[in-house]
Amino acid sequence: MLLGLHHLIPAFLLPTGFFPPEQVVFETQRLNNTGLPVPNPTHSFWIDSPQANPLAKEGSSGPLTRDADVCIIGAGITGVSSAYHLARNLGTGKMVVILEARDFCSGATGRNGGHLTPPVFIGFYDRQQKYGTEEAKKSYALENYVSSKLLKIIKQEGWDEDLDLVEGGRITMFMTEEEEQKARRDWETARMAGLERVDEVRWLEREEMQAKHGTSFPGTFFHSHNLWPLKLVSKLYSLAKSQGLNSGIDIRLHTRTPVTSISHINNATSSSARRWSLATPRGQVNCSYVIHATNAYASFLLPQLRGEVVPTRGQVIAIRPNLGAQVGRSSWRGNGGFEYWFPRYRREEERPLVILGGARDVAPRFEKDETDDSVLNVEVGKALRGFLPPLFPGMYDPNQEVEWEWTGIMGYTTSSAPFVGPVTDGITSTRVEEYEGQYIAAGYTGHGMPRAYACAEVVASMITADLSGRGNEWTAPAWFPRHYLMGHNSSA
Ligand SMILES: Cc1cc2nc3c(=O)[nH]c(=O)nc-3n(C[C@H](O)[C@H](O)[C@H](O)COP(=O)(O)OP(=O)(O)OC[C@H]3O[C@@H](n4cnc5c(N)ncnc54)[C@H](O)[C@@H]3O)c2cc1C
């Protein structure tokens, strides 16, 4: 019999995570219709720290851009990465407009845990079983690609300090023997398959964890990063705008401009030669191509994704430990991935601010089908507050006041893979006629930081190819898994 965490910590101190597997919830889907993002979200450390979001209300008043080659819906990491890739490749004389329902980057990207961490090998066994070795390997290659590309841009542009980039690595803590054994199986199968980076994984025994990190659970270490996601996206937008200007491409942003519907333009009766008309409370915007970068909210404009991209609420707290530098600089993942945290150090502060998210597993439906990020879940908040103190004795005070607490909405898919590429009329259908010119990159299942940039690149390259009449010649990058394509990624 496997010895679980239950044997090590008194039951009343048990961290969260001992509930039925999360995917079971999909079988009892409520299929609520997703609406627009709520107008008054909770305040996140990333967004609401002073001067953190200079683009917050960009383009929210004054004249609305009425005509564009490409309309991007959503100004998170997907929408802005799409603009960045289009600004480099679309061709001179083109117009790209981003329409955002709330403030700039006020969705999941502005409310997440701040980790830019490809999983390296975690979960490999299941992905290999589901999609085969090559497809599974590509899904890891895509994340390594994103991480190395973003880091390259950050270094080249000298953004490291502005983004609070930390190369502290990732420790995955195994709180039960089941978790450790699963990870060992992932690691073995990944090694057998020749997965890149797997040799850099270091296994940390209990003694080493105790001596170095003050916890008695074993784990693994590999290289990874954390940063300020909103600041990355803000800088990427400014870079896209200036690169666009240099190559004759106009990139514009209209925040507080929700898209409420999309309709086909009848070119026989309309003066516009565009394909699609996007309705907003500020007026119509006509365009030839649409990119749905709305993640959790995708099914509002694409009802075929109802129950397929499931809005799922995540909650995060920011707390101070009792100690200073001893807390280390690594980011952590524990309880099978339900909790994730990392310490942020500021020069003037003695103790770091620890950003900790998770604990959805104490909610009966894992916070699935929840679209309201203006509220906190009290039970989830309690579980988050109680999570770290028993794992790191003496390091955290269970009665410590939290400094920040917020929620954000993630887009979960039944397969865990995102939907990328031309919009189809169903998730197992490859028919695109009805949606010609509409593309999507969404549904990262709570793990978009190391994926969105590449999914946006794929979509942007498809549009660029189509626009230049070479759509049929488009070929997927070597790192792109075919099962990410909408129409090809059912959970079967
Ligand atoms: C609490 C939490 C913790 C997380 N932690 C991590 C982590 O540590 N690492 C990681 O990799 N990932 C994490 N994620 C997931 C990650 O943040 C997302 O996968 C990623 O940010 C998705 O980016 P996006 O641009 O696709 O979506 P979003 O950032 O959500 O952007 C979509 C935008 O579309 C806008 N929008 C929606 N509908 C419309 C409409 N009709 N008209 C106009 N605009 C519209 C929204 O307002 C929003 O700004 C976390 C998410 C949350 C919520």
# chains A, B, ... in the order shown; residues from 1 in each chain; ligands from 1
$ residues_around --residues "segment 332-344 of chain A" --least-positions-apart "2" --cutoff "7 Å" --atoms "only C-alpha atoms" --output "ChimeraX atom specification"
/A:17,170-175,179,329-330,346,352-359
$ write_last_selection --atoms "N, CA, C and O atoms" --output "PDB file, in the first residue's frame"
ATOM      1  N   GLY A  17      -6.671  18.822  -2.068  1.00  0.00           N
ATOM      2  CA  GLY A  17      -6.236  17.955  -3.160  1.00  0.00           C
ATOM      3  C   GLY A  17      -6.601  16.497  -3.029  1.00  0.00           C
ATOM      4  O   GLY A  17      -6.086  15.680  -3.788  1.00  0.00           O
ATOM      5  N   ARG A 170      12.201  25.648 -10.989  1.00  0.00           N
ATOM      6  CA  ARG A 170      10.922  25.130 -10.502  1.00  0.00           C
ATOM      7  C   ARG A 170      11.156  23.890  -9.650  1.00  0.00           C
ATOM      8  O   ARG A 170      11.829  22.956 -10.085  1.00  0.00           O
ATOM      9  N   ILE A 171      10.635  23.922  -8.440  1.00  0.00           N
ATOM     10  CA  ILE A 171      10.631  22.708  -7.611  1.00  0.00           C
ATOM     11  C   ILE A 171       9.219  22.143  -7.613  1.00  0.00           C
ATOM     12  O   ILE A 171       8.262  22.856  -7.306  1.00  0.00           O
ATOM     13  N   THR A 172       9.110  20.898  -8.019  1.00  0.00           N
ATOM     14  CA  THR A 172       7.828  20.203  -7.925  1.00  0.00           C
ATOM     15  C   THR A 172       7.887  19.339  -6.679  1.00  0.00           C
ATOM     16  O   THR A 172       8.764  18.480  -6.551  1.00  0.00           O
ATOM     17  N   MET A 173       6.981  19.616  -5.748  1.00  0.00           N
ATOM     18  CA  MET A 173       7.000  18.911  -4.464  1.00  0.00           C
ATOM     19  C   MET A 173       6.008  17.747  -4.518  1.00  0.00           C
ATOM     20  O   MET A 173       4.869  17.919  -4.949  1.00  0.00           O
ATOM     21  N   PHE A 174       6.461  16.559  -4.110  1.00  0.00           N
ATOM     22  CA  PHE A 174       5.562  15.399  -4.118  1.00  0.00           C
ATOM     23  C   PHE A 174       5.023  15.193  -2.711  1.00  0.00           C
ATOM     24  O   PHE A 174       5.753  14.796  -1.808  1.00  0.00           O
ATOM     25  N   MET A 175       3.747  15.457  -2.556  1.00  0.00           N
ATOM     26  CA  MET A 175       3.158  15.390  -1.218  1.00  0.00           C
ATOM     27  C   MET A 175       2.594  14.013  -0.902  1.00  0.00           C
ATOM     28  O   MET A 175       2.216  13.739   0.234  1.00  0.00           O
ATOM     29  N   GLU A 179       1.998  10.712  -6.107  1.00  0.00           N
ATOM     30  CA  GLU A 179       2.481  11.805  -6.966  1.00  0.00           C
ATOM     31  C   GLU A 179       3.907  11.536  -7.430  1.00  0.00           C
ATOM     32  O   GLU A 179       4.246  11.746  -8.594  1.00  0.00           O
ATOM     33  N   ARG A 329      14.516  31.355  -4.025  1.00  0.00           N
ATOM     34  CA  ARG A 329      14.023  32.096  -5.184  1.00  0.00           C
ATOM     35  C   ARG A 329      13.246  31.236  -6.167  1.00  0.00           C
ATOM     36  O   ARG A 329      12.781  31.703  -7.198  1.00  0.00           O
ATOM     37  N   SER A 330      13.125  29.942  -5.850  1.00  0.00           N
ATOM     38  CA  SER A 330      12.467  29.042  -6.804  1.00  0.00           C
ATOM     39  C   SER A 330      10.960  29.253  -6.815  1.00  0.00           C
ATOM     40  O   SER A 330      10.376  29.705  -5.838  1.00  0.00           O
ATOM     41  N   ARG A 346      11.743  42.357  -3.150  1.00  0.00           N
ATOM     42  CA  ARG A 346      11.979  43.748  -3.508  1.00  0.00           C
ATOM     43  C   ARG A 346      13.109  44.237  -2.634  1.00  0.00           C
ATOM     44  O   ARG A 346      13.183  43.889  -1.460  1.00  0.00           O
ATOM     45  N   PRO A 352      10.075  38.439   1.435  1.00  0.00           N
ATOM     46  CA  PRO A 352       9.451  38.449   0.102  1.00  0.00           C
ATOM     47  C   PRO A 352       7.926  38.392   0.199  1.00  0.00           C
ATOM     48  O   PRO A 352       7.382  38.048   1.249  1.00  0.00           O
ATOM     49  N   LEU A 353       7.280  38.724  -0.901  1.00  0.00           N
ATOM     50  CA  LEU A 353       5.833  38.544  -1.005  1.00  0.00           C
ATOM     51  C   LEU A 353       5.633  37.240  -1.767  1.00  0.00           C
ATOM     52  O   LEU A 353       6.107  37.100  -2.899  1.00  0.00           O
ATOM     53  N   VAL A 354       4.948  36.295  -1.147  1.00  0.00           N
ATOM     54  CA  VAL A 354       4.750  34.999  -1.812  1.00  0.00           C
ATOM     55  C   VAL A 354       3.394  35.007  -2.506  1.00  0.00           C
ATOM     56  O   VAL A 354       2.366  35.267  -1.887  1.00  0.00           O
ATOM     57  N   ILE A 355       3.439  34.760  -3.814  1.00  0.00           N
ATOM     58  CA  ILE A 355       2.208  34.700  -4.615  1.00  0.00           C
ATOM     59  C   ILE A 355       1.812  33.229  -4.697  1.00  0.00           C
ATOM     60  O   ILE A 355       2.549  32.411  -5.262  1.00  0.00           O
ATOM     61  N   LEU A 356       0.663  32.897  -4.130  1.00  0.00           N
ATOM     62  CA  LEU A 356       0.222  31.491  -4.064  1.00  0.00           C
ATOM     63  C   LEU A 356      -1.169  31.362  -4.672  1.00  0.00           C
ATOM     64  O   LEU A 356      -2.105  32.044  -4.256  1.00  0.00           O
ATOM     65  N   GLY A 357      -1.291  30.483  -5.659  1.00  0.00           N
ATOM     66  CA  GLY A 357      -2.603  30.252  -6.260  1.00  0.00           C
ATOM     67  C   GLY A 357      -3.010  28.798  -6.136  1.00  0.00           C
ATOM     68  O   GLY A 357      -2.189  27.916  -5.871  1.00  0.00           O
ATOM     69  N   GLY A 358      -4.308  28.556  -6.333  1.00  0.00           N
ATOM     70  CA  GLY A 358      -4.782  27.160  -6.368  1.00  0.00           C
ATOM     71  C   GLY A 358      -5.976  26.929  -5.473  1.00  0.00           C
ATOM     72  O   GLY A 358      -6.854  27.784  -5.345  1.00  0.00           O
ATOM     73  N   ALA A 359      -5.995  25.715  -4.864  1.00  0.00           N
ATOM     74  CA  ALA A 359      -7.044  25.291  -3.913  1.00  0.00           C
ATOM     75  C   ALA A 359      -8.433  25.180  -4.544  1.00  0.00           C
ATOM     76  O   ALA A 359      -9.432  25.135  -3.820  1.00  0.00           O
TER      77      ALA A 359
END
$ closest_atom_pairs --of "segment 33-136 of chain A" --to "segment 434-456 of chain A" --cutoff "12 Å" --atoms "only C-alpha atoms" --output "CSV"
residue,atom,partner,partner_atom,distance
A:Asp69,CA,A:Gly437,CA,10.4
A:Val70,CA,A:Gly437,CA,9.2
A:Cys71,CA,A:Gln438,CA,9.5
A:Ile72,CA,A:Tyr439,CA,9.4
A:Ile73,CA,A:Ile440,CA,9.7
A:Gly74,CA,A:Ala442,CA,10.6
A:Gly76,CA,A:Ala452,CA,9.4
A:Ile77,CA,A:Ala452,CA,6.4
A:Thr78,CA,A:Ala452,CA,5.1
A:Gly79,CA,A:Ala456,CA,7.4
A:Val80,CA,A:Ala456,CA,8.6
A:Ser81,CA,A:Tyr453,CA,5.4
A:Ser82,CA,A:Ala456,CA,4.7
A:Ala83,CA,A:Ala456,CA,8.5
A:Tyr84,CA,A:Ala456,CA,9.0
A:His85,CA,A:Ala456,CA,7.5
A:Leu86,CA,A:Ala456,CA,9.4
A:Ala108,CA,A:Gly446,CA,8.7
A:Thr109,CA,A:Met449,CA,7.9
A:Gly110,CA,A:Met449,CA,11.1
A:Arg111,CA,A:Gly446,CA,11.3
A:Asn112,CA,A:Gly446,CA,8.7
A:Gly113,CA,A:Met449,CA,9.8
A:Gly114,CA,A:Met449,CA,8.3
A:His115,CA,A:Met449,CA,7.2
A:Leu116,CA,A:Met449,CA,5.5
A:Thr117,CA,A:Pro450,CA,6.3
A:Pro118,CA,A:Pro450,CA,5.9
A:Pro119,CA,A:Pro450,CA,9.2
A:Val120,CA,A:Pro450,CA,11.2
$ write_last_selection --atoms "N, CA, C and O atoms" --output "short mmCIF file (atom, residue, chain, number, x, y, z; two decimals), in the first residue's frame"
data_model
loop_
_atom_site.label_atom_id
_atom_site.label_comp_id
_atom_site.auth_asym_id
_atom_site.auth_seq_id
_atom_site.Cartn_x
_atom_site.Cartn_y
_atom_site.Cartn_z
N ASP A 69 -7.65 45.17 -41.46
CA ASP A 69 -7.44 43.88 -42.12
C ASP A 69 -7.70 42.75 -41.12
O ASP A 69 -8.35 41.78 -41.42
N VAL A 70 -7.15 42.93 -39.91
CA VAL A 70 -7.32 41.89 -38.89
C VAL A 70 -7.86 42.52 -37.62
O VAL A 70 -7.32 43.52 -37.14
N CYS A 71 -8.92 41.93 -37.06
CA CYS A 71 -9.41 42.31 -35.74
C CYS A 71 -9.03 41.21 -34.76
O CYS A 71 -9.34 40.03 -34.98
N ILE A 72 -8.36 41.60 -33.70
CA ILE A 72 -8.02 40.65 -32.64
C ILE A 72 -8.95 40.94 -31.48
O ILE A 72 -9.02 42.09 -31.02
N ILE A 73 -9.66 39.93 -31.01
CA ILE A 73 -10.58 40.15 -29.88
C ILE A 73 -9.90 39.62 -28.61
O ILE A 73 -9.66 38.41 -28.49
N GLY A 74 -9.57 40.55 -27.70
CA GLY A 74 -8.92 40.17 -26.44
C GLY A 74 -7.50 40.68 -26.38
O GLY A 74 -6.70 40.46 -27.29
N GLY A 76 -5.00 39.97 -23.98
CA GLY A 76 -4.15 39.24 -23.05
C GLY A 76 -2.89 38.81 -23.80
O GLY A 76 -2.57 39.35 -24.87
N ILE A 77 -2.20 37.81 -23.28
CA ILE A 77 -0.95 37.40 -23.92
C ILE A 77 -1.20 36.83 -25.32
O ILE A 77 -0.38 37.01 -26.22
N THR A 78 -2.37 36.21 -25.55
CA THR A 78 -2.65 35.67 -26.88
C THR A 78 -2.88 36.79 -27.89
O THR A 78 -2.28 36.80 -28.98
N GLY A 79 -3.75 37.74 -27.53
CA GLY A 79 -4.08 38.82 -28.46
C GLY A 79 -2.85 39.66 -28.79
O GLY A 79 -2.59 39.97 -29.96
N VAL A 80 -2.09 40.00 -27.76
CA VAL A 80 -0.92 40.86 -27.99
C VAL A 80 0.18 40.10 -28.73
O VAL A 80 0.85 40.64 -29.61
N SER A 81 0.36 38.82 -28.42
CA SER A 81 1.35 38.03 -29.19
C SER A 81 0.93 37.95 -30.65
O SER A 81 1.77 38.00 -31.55
N SER A 82 -0.37 37.82 -30.90
CA SER A 82 -0.85 37.78 -32.30
C SER A 82 -0.47 39.07 -33.00
O SER A 82 0.03 39.06 -34.14
N ALA A 83 -0.71 40.21 -32.33
CA ALA A 83 -0.36 41.50 -32.93
C ALA A 83 1.14 41.59 -33.19
O ALA A 83 1.58 42.09 -34.23
N TYR A 84 1.91 41.08 -32.24
CA TYR A 84 3.38 41.11 -32.39
C TYR A 84 3.82 40.33 -33.63
O TYR A 84 4.63 40.81 -34.43
N HIS A 85 3.27 39.14 -33.82
CA HIS A 85 3.66 38.33 -34.99
C HIS A 85 3.16 38.96 -36.28
O HIS A 85 3.87 38.97 -37.29
N LEU A 86 1.94 39.52 -36.26
CA LEU A 86 1.42 40.16 -37.48
C LEU A 86 2.25 41.39 -37.83
O LEU A 86 2.50 41.66 -39.00
N ALA A 108 -7.15 36.68 -17.65
CA ALA A 108 -6.30 35.72 -16.93
C ALA A 108 -4.84 36.15 -16.89
O ALA A 108 -4.15 35.97 -15.88
N THR A 109 -4.35 36.78 -17.98
CA THR A 109 -2.93 37.14 -18.03
C THR A 109 -2.56 38.15 -16.95
O THR A 109 -1.44 38.14 -16.46
N GLY A 110 -3.51 38.99 -16.58
CA GLY A 110 -3.24 39.99 -15.54
C GLY A 110 -3.58 39.48 -14.14
O GLY A 110 -3.50 40.25 -13.18
N ARG A 111 -3.96 38.22 -14.02
CA ARG A 111 -4.44 37.74 -12.72
C ARG A 111 -3.86 36.37 -12.40
O ARG A 111 -4.37 35.65 -11.55
N ASN A 112 -2.81 35.96 -13.10
CA ASN A 112 -2.34 34.58 -12.92
C ASN A 112 -1.26 34.47 -11.84
O ASN A 112 -1.08 35.37 -11.03
N GLY A 113 -0.54 33.33 -11.86
CA GLY A 113 0.45 33.08 -10.81
C GLY A 113 1.84 33.62 -11.14
O GLY A 113 2.72 33.60 -10.29
N GLY A 114 2.06 34.07 -12.38
CA GLY A 114 3.34 34.66 -12.76
C GLY A 114 4.42 33.67 -13.17
O GLY A 114 5.58 34.05 -13.31
N HIS A 115 4.04 32.42 -13.41
CA HIS A 115 5.04 31.40 -13.76
C HIS A 115 5.17 31.30 -15.28
O HIS A 115 4.16 31.18 -15.98
N LEU A 116 6.40 31.31 -15.76
CA LEU A 116 6.66 31.02 -17.18
C LEU A 116 7.42 29.69 -17.18
O LEU A 116 8.64 29.65 -17.25
N THR A 117 6.67 28.60 -17.08
CA THR A 117 7.31 27.33 -16.78
C THR A 117 6.80 26.20 -17.67
O THR A 117 5.72 25.64 -17.42
N PRO A 118 7.58 25.82 -18.68
CA PRO A 118 7.23 24.59 -19.40
C PRO A 118 7.35 23.41 -18.43
O PRO A 118 8.21 23.43 -17.55
N PRO A 119 6.53 22.38 -18.59
CA PRO A 119 6.53 21.31 -17.59
C PRO A 119 7.72 20.35 -17.72
O PRO A 119 7.88 19.47 -16.88
N VAL A 120 8.52 20.47 -18.74
CA VAL A 120 9.73 19.67 -19.02
C VAL A 120 9.42 18.19 -19.22
O VAL A 120 9.71 17.63 -20.27
#
$ atom_distance --atom1 "atom 5 (N, counted along the ligand's line) of ligand 1" --atom2 "atom CA of Ala318 of chain A"
13.3 Å
$ residues_around --residues "Phe392 of chain A" --least-positions-apart "5" --cutoff "12 Å" --atoms "only C-alpha atoms" --output "ChimeraX atom specification"
/A:9,15,173,209-217,321-323,326-327,386-387,397-398
$ select_by_dssp --residues "segment 44-89 of chain A" --states "helix (DSSP H, G or I)" --output "tab-separated table (two decimals) with all heavy atoms, in the first residue's frame"
chain	number	residue	atom	x	y	z
A	45	PHE	N	-2.56	41.88	-7.74
A	45	PHE	CA	-1.26	42.52	-7.49
A	45	PHE	C	-0.66	43.03	-8.80
A	45	PHE	O	-0.13	44.14	-8.87
A	45	PHE	CB	-0.32	41.51	-6.82
A	45	PHE	CG	1.10	41.98	-6.73
A	45	PHE	CD1	1.49	42.83	-5.72
A	45	PHE	CD2	2.04	41.59	-7.68
A	45	PHE	CE1	2.80	43.28	-5.65
A	45	PHE	CE2	3.35	42.04	-7.62
A	45	PHE	CZ	3.73	42.89	-6.60
A	46	TRP	N	-0.73	42.21	-9.86
A	46	TRP	CA	-0.08	42.56	-11.13
A	46	TRP	C	-0.70	43.78	-11.78
A	46	TRP	O	-0.01	44.62	-12.36
A	46	TRP	CB	-0.17	41.40	-12.12
A	46	TRP	CG	0.23	40.06	-11.60
A	46	TRP	CD1	-0.57	38.95	-11.49
A	46	TRP	CD2	1.52	39.65	-11.13
A	46	TRP	NE1	0.15	37.90	-10.98
A	46	TRP	CE2	1.43	38.30	-10.75
A	46	TRP	CE3	2.74	40.31	-10.99
A	46	TRP	CZ2	2.50	37.58	-10.25
A	46	TRP	CZ3	3.82	39.60	-10.49
A	46	TRP	CH2	3.69	38.26	-10.12
A	47	ILE	N	-2.03	43.87	-11.71
A	47	ILE	CA	-2.74	44.95	-12.42
A	47	ILE	C	-2.83	46.21	-11.57
A	47	ILE	O	-2.69	47.32	-12.06
A	47	ILE	CB	-4.18	44.50	-12.79
A	47	ILE	CG1	-4.16	43.29	-13.73
A	47	ILE	CG2	-4.99	45.63	-13.39
A	47	ILE	CD1	-5.53	42.69	-14.02
A	48	ASP	N	-3.09	46.02	-10.27
A	48	ASP	CA	-3.47	47.16	-9.44
A	48	ASP	C	-2.35	47.73	-8.58
A	48	ASP	O	-2.60	48.65	-7.80
A	48	ASP	CB	-4.69	46.77	-8.60
A	48	ASP	CG	-5.88	46.47	-9.50
A	48	ASP	OD1	-6.44	47.42	-10.07
A	48	ASP	OD2	-6.21	45.28	-9.71
A	77	ILE	N	-2.20	37.81	-23.28
A	77	ILE	CA	-0.95	37.40	-23.92
A	77	ILE	C	-1.20	36.83	-25.32
A	77	ILE	O	-0.38	37.01	-26.22
A	77	ILE	CB	-0.12	36.43	-23.04
A	77	ILE	CG1	1.28	36.28	-23.61
A	77	ILE	CG2	-0.82	35.10	-22.85
A	77	ILE	CD1	2.27	35.61	-22.68
A	78	THR	N	-2.37	36.21	-25.55
A	78	THR	CA	-2.65	35.67	-26.88
A	78	THR	C	-2.88	36.79	-27.89
A	78	THR	O	-2.28	36.80	-28.98
A	78	THR	CB	-3.89	34.75	-26.86
A	78	THR	OG1	-3.67	33.71	-25.91
A	78	THR	CG2	-4.15	34.14	-28.22
A	79	GLY	N	-3.75	37.74	-27.53
A	79	GLY	CA	-4.08	38.82	-28.46
A	79	GLY	C	-2.85	39.66	-28.79
A	79	GLY	O	-2.59	39.97	-29.96
A	80	VAL	N	-2.09	40.00	-27.76
A	80	VAL	CA	-0.92	40.86	-27.99
A	80	VAL	C	0.18	40.10	-28.73
A	80	VAL	O	0.85	40.64	-29.61
A	80	VAL	CB	-0.44	41.47	-26.66
A	80	VAL	CG1	0.88	42.17	-26.82
A	80	VAL	CG2	-1.51	42.43	-26.13
A	81	SER	N	0.36	38.82	-28.42
A	81	SER	CA	1.35	38.03	-29.19
A	81	SER	C	0.93	37.95	-30.65
A	81	SER	O	1.77	38.00	-31.55
A	81	SER	CB	1.47	36.60	-28.64
A	81	SER	OG	1.89	36.61	-27.32
A	82	SER	N	-0.37	37.82	-30.90
A	82	SER	CA	-0.85	37.78	-32.30
A	82	SER	C	-0.47	39.07	-33.00
A	82	SER	O	0.03	39.06	-34.14
A	82	SER	CB	-2.37	37.61	-32.35
A	82	SER	OG	-2.77	36.47	-31.66
A	83	ALA	N	-0.71	40.21	-32.33
A	83	ALA	CA	-0.36	41.50	-32.93
A	83	ALA	C	1.14	41.59	-33.19
A	83	ALA	O	1.58	42.09	-34.23
A	83	ALA	CB	-0.81	42.63	-32.00
A	84	TYR	N	1.91	41.08	-32.24
A	84	TYR	CA	3.38	41.11	-32.39
A	84	TYR	C	3.82	40.33	-33.63
A	84	TYR	O	4.63	40.81	-34.43
A	84	TYR	CB	4.00	40.52	-31.11
A	84	TYR	CG	5.49	40.31	-31.19
A	84	TYR	CD1	6.37	41.39	-31.06
A	84	TYR	CD2	6.02	39.04	-31.40
A	84	TYR	CE1	7.74	41.19	-31.14
A	84	TYR	CE2	7.39	38.84	-31.48
A	84	TYR	CZ	8.25	39.92	-31.35
A	84	TYR	OH	9.60	39.73	-31.44
A	85	HIS	N	3.27	39.14	-33.82
A	85	HIS	CA	3.66	38.33	-34.99
A	85	HIS	C	3.16	38.96	-36.28
A	85	HIS	O	3.87	38.97	-37.29
A	85	HIS	CB	3.12	36.91	-34.85
A	85	HIS	CG	3.74	36.15	-33.72
A	85	HIS	ND1	5.09	35.89	-33.65
A	85	HIS	CD2	3.22	35.61	-32.59
A	85	HIS	CE1	5.36	35.22	-32.54
A	85	HIS	NE2	4.25	35.04	-31.88
A	86	LEU	N	1.94	39.52	-36.26
A	86	LEU	CA	1.42	40.16	-37.48
A	86	LEU	C	2.25	41.39	-37.83
A	86	LEU	O	2.50	41.66	-39.00
A	86	LEU	CB	-0.05	40.56	-37.28
A	86	LEU	CG	-1.05	39.39	-37.20
A	86	LEU	CD1	-2.43	39.88	-36.77
A	86	LEU	CD2	-1.16	38.65	-38.54
A	87	ALA	N	2.68	42.13	-36.82
A	87	ALA	CA	3.46	43.35	-37.06
A	87	ALA	C	4.77	43.05	-37.76
A	87	ALA	O	5.36	43.91	-38.40
A	87	ALA	CB	3.74	44.05	-35.74
A	88	ARG	N	5.24	41.84	-37.66
A	88	ARG	CA	6.52	41.48	-38.28
A	88	ARG	C	6.34	40.91	-39.68
A	88	ARG	O	7.27	40.88	-40.47
A	88	ARG	CB	7.24	40.46	-37.41
A	88	ARG	CG	7.63	41.04	-36.06
A	88	ARG	CD	7.80	39.97	-35.01
A	88	ARG	NE	8.96	39.13	-35.24
A	88	ARG	CZ	10.20	39.47	-34.90
A	88	ARG	NH1	10.42	40.62	-34.33
A	88	ARG	NH2	11.20	38.66	-35.13
A	89	ASN	N	5.12	40.43	-39.99
A	89	ASN	CA	4.99	39.65	-41.22
A	89	ASN	C	3.83	40.01	-42.14
A	89	ASN	O	3.74	39.47	-43.24
A	89	ASN	CB	4.84	38.15	-40.85
A	89	ASN	CG	6.06	37.65	-40.11
A	89	ASN	OD1	7.17	37.81	-40.57
A	89	ASN	ND2	5.84	37.08	-38.94
$ residues_around --residues "segment 462-464 of chain A" --least-positions-apart "2" --cutoff "10 Å" --atoms "only C-alpha atoms" --output "MDAnalysis selection string"
chainID A and resid 70 85:86 89:91 288:291 421:422 437:439 456:460 466:476
$ residues_around --residues "Met95 of chain A" --least-positions-apart "2" --cutoff "8 Å" --atoms "only C-alpha atoms" --output "VMD selection string"
chain A and resid 67 to 70 93 97 249 to 252
$ write_last_selection --atoms "C-alpha atoms" --output "PDB file, in the first residue's frame"
ATOM      1  CA  ASP A  67     -11.983  49.194 -40.723  1.00  0.00           C
ATOM      2  CA  ALA A  68      -9.043  46.805 -40.365  1.00  0.00           C
ATOM      3  CA  ASP A  69      -7.436  43.880 -42.120  1.00  0.00           C
ATOM      4  CA  VAL A  70      -7.319  41.885 -38.892  1.00  0.00           C
ATOM      5  CA  GLY A  93      -0.209  49.111 -45.620  1.00  0.00           C
ATOM      6  CA  VAL A  97      -6.910  46.406 -34.330  1.00  0.00           C
ATOM      7  CA  ILE A 249       1.625  48.141 -40.421  1.00  0.00           C
ATOM      8  CA  ASP A 250      -0.724  50.109 -38.163  1.00  0.00           C
ATOM      9  CA  ILE A 251      -1.416  48.350 -34.851  1.00  0.00           C
ATOM     10  CA  ARG A 252      -4.183  49.896 -32.733  1.00  0.00           C
TER      11      ARG A 252
END
$ closest_residue --among "A:Arg482, A:Gly324, A:Trp276, A:Arg185" --to "Arg347 of chain A" --atoms "only C-alpha atoms"
A:Gly324
$ closest_residue --among "A:Glu405, A:Asp126, A:Asp425, A:Glu379" --to "ligand 1" --atoms "only C-alpha atoms and all ligand atoms"
A:Glu405
$ closest_residue --among "A:Cys105, A:Ile317, A:Leu388, A:Ile427" --to "Tyr237 of chain A" --atoms "only C-alpha atoms"
A:Cys105
$ select_by_dssp --residues "segment 65-221 of chain A" --states "strand (DSSP E or B)" --output "list in words"
Asp67, Ala68, Asp69, Val70, Cys71, Ile72, Ile73, Met95, Val96, Val97, Ile98, Leu99, His115, Leu116, Val166, Arg170, Ile171, Thr172, Met173, Arg202, Trp203, Leu204, Gly219, Thr220 and Phe221 of chain A
$ write_last_selection --atoms "C-alpha atoms" --output "compact mmCIF listing (two decimals), in the first residue's frame"
# COMPACT_ATOMS: atom_id res chain seq x y z
CA ASP A 67 -11.98 49.19 -40.72
CA ALA A 68 -9.04 46.80 -40.36
CA ASP A 69 -7.44 43.88 -42.12
CA VAL A 70 -7.32 41.89 -38.89
CA CYS A 71 -9.41 42.31 -35.74
CA ILE A 72 -8.02 40.65 -32.64
CA ILE A 73 -10.58 40.15 -29.88
CA MET A 95 -4.20 47.63 -40.26
CA VAL A 96 -4.56 45.47 -37.16
CA VAL A 97 -6.91 46.41 -34.33
CA ILE A 98 -7.20 44.85 -30.88
CA LEU A 99 -10.61 45.11 -29.22
CA HIS A 115 5.04 31.40 -13.76
CA LEU A 116 6.66 31.02 -17.18
CA VAL A 166 13.70 35.62 -11.94
CA ARG A 170 10.92 25.13 -10.50
CA ILE A 171 10.63 22.71 -7.61
CA THR A 172 7.83 20.20 -7.93
CA MET A 173 7.00 18.91 -4.46
CA ARG A 202 17.32 16.76 -10.66
CA TRP A 203 15.55 14.52 -8.13
CA LEU A 204 15.56 15.98 -4.64
CA GLY A 219 10.65 16.66 -5.31
CA THR A 220 12.35 17.56 -8.58
CA PHE A 221 14.13 20.66 -9.82
$ closest_residue --among "A:Phe121, A:Trp406, A:Tyr131, A:Phe419" --to "Ser374 of chain A" --atoms "only C-alpha atoms"
A:Trp406
$ residues_around --residues "segment 189-199 of chain A" --least-positions-apart "2" --cutoff "9 Å" --atoms "only C-alpha atoms" --output "ChimeraX atom specification"
/A:120-122,124-125,128,133-134,137,140-141,144,184-187,201-202,222
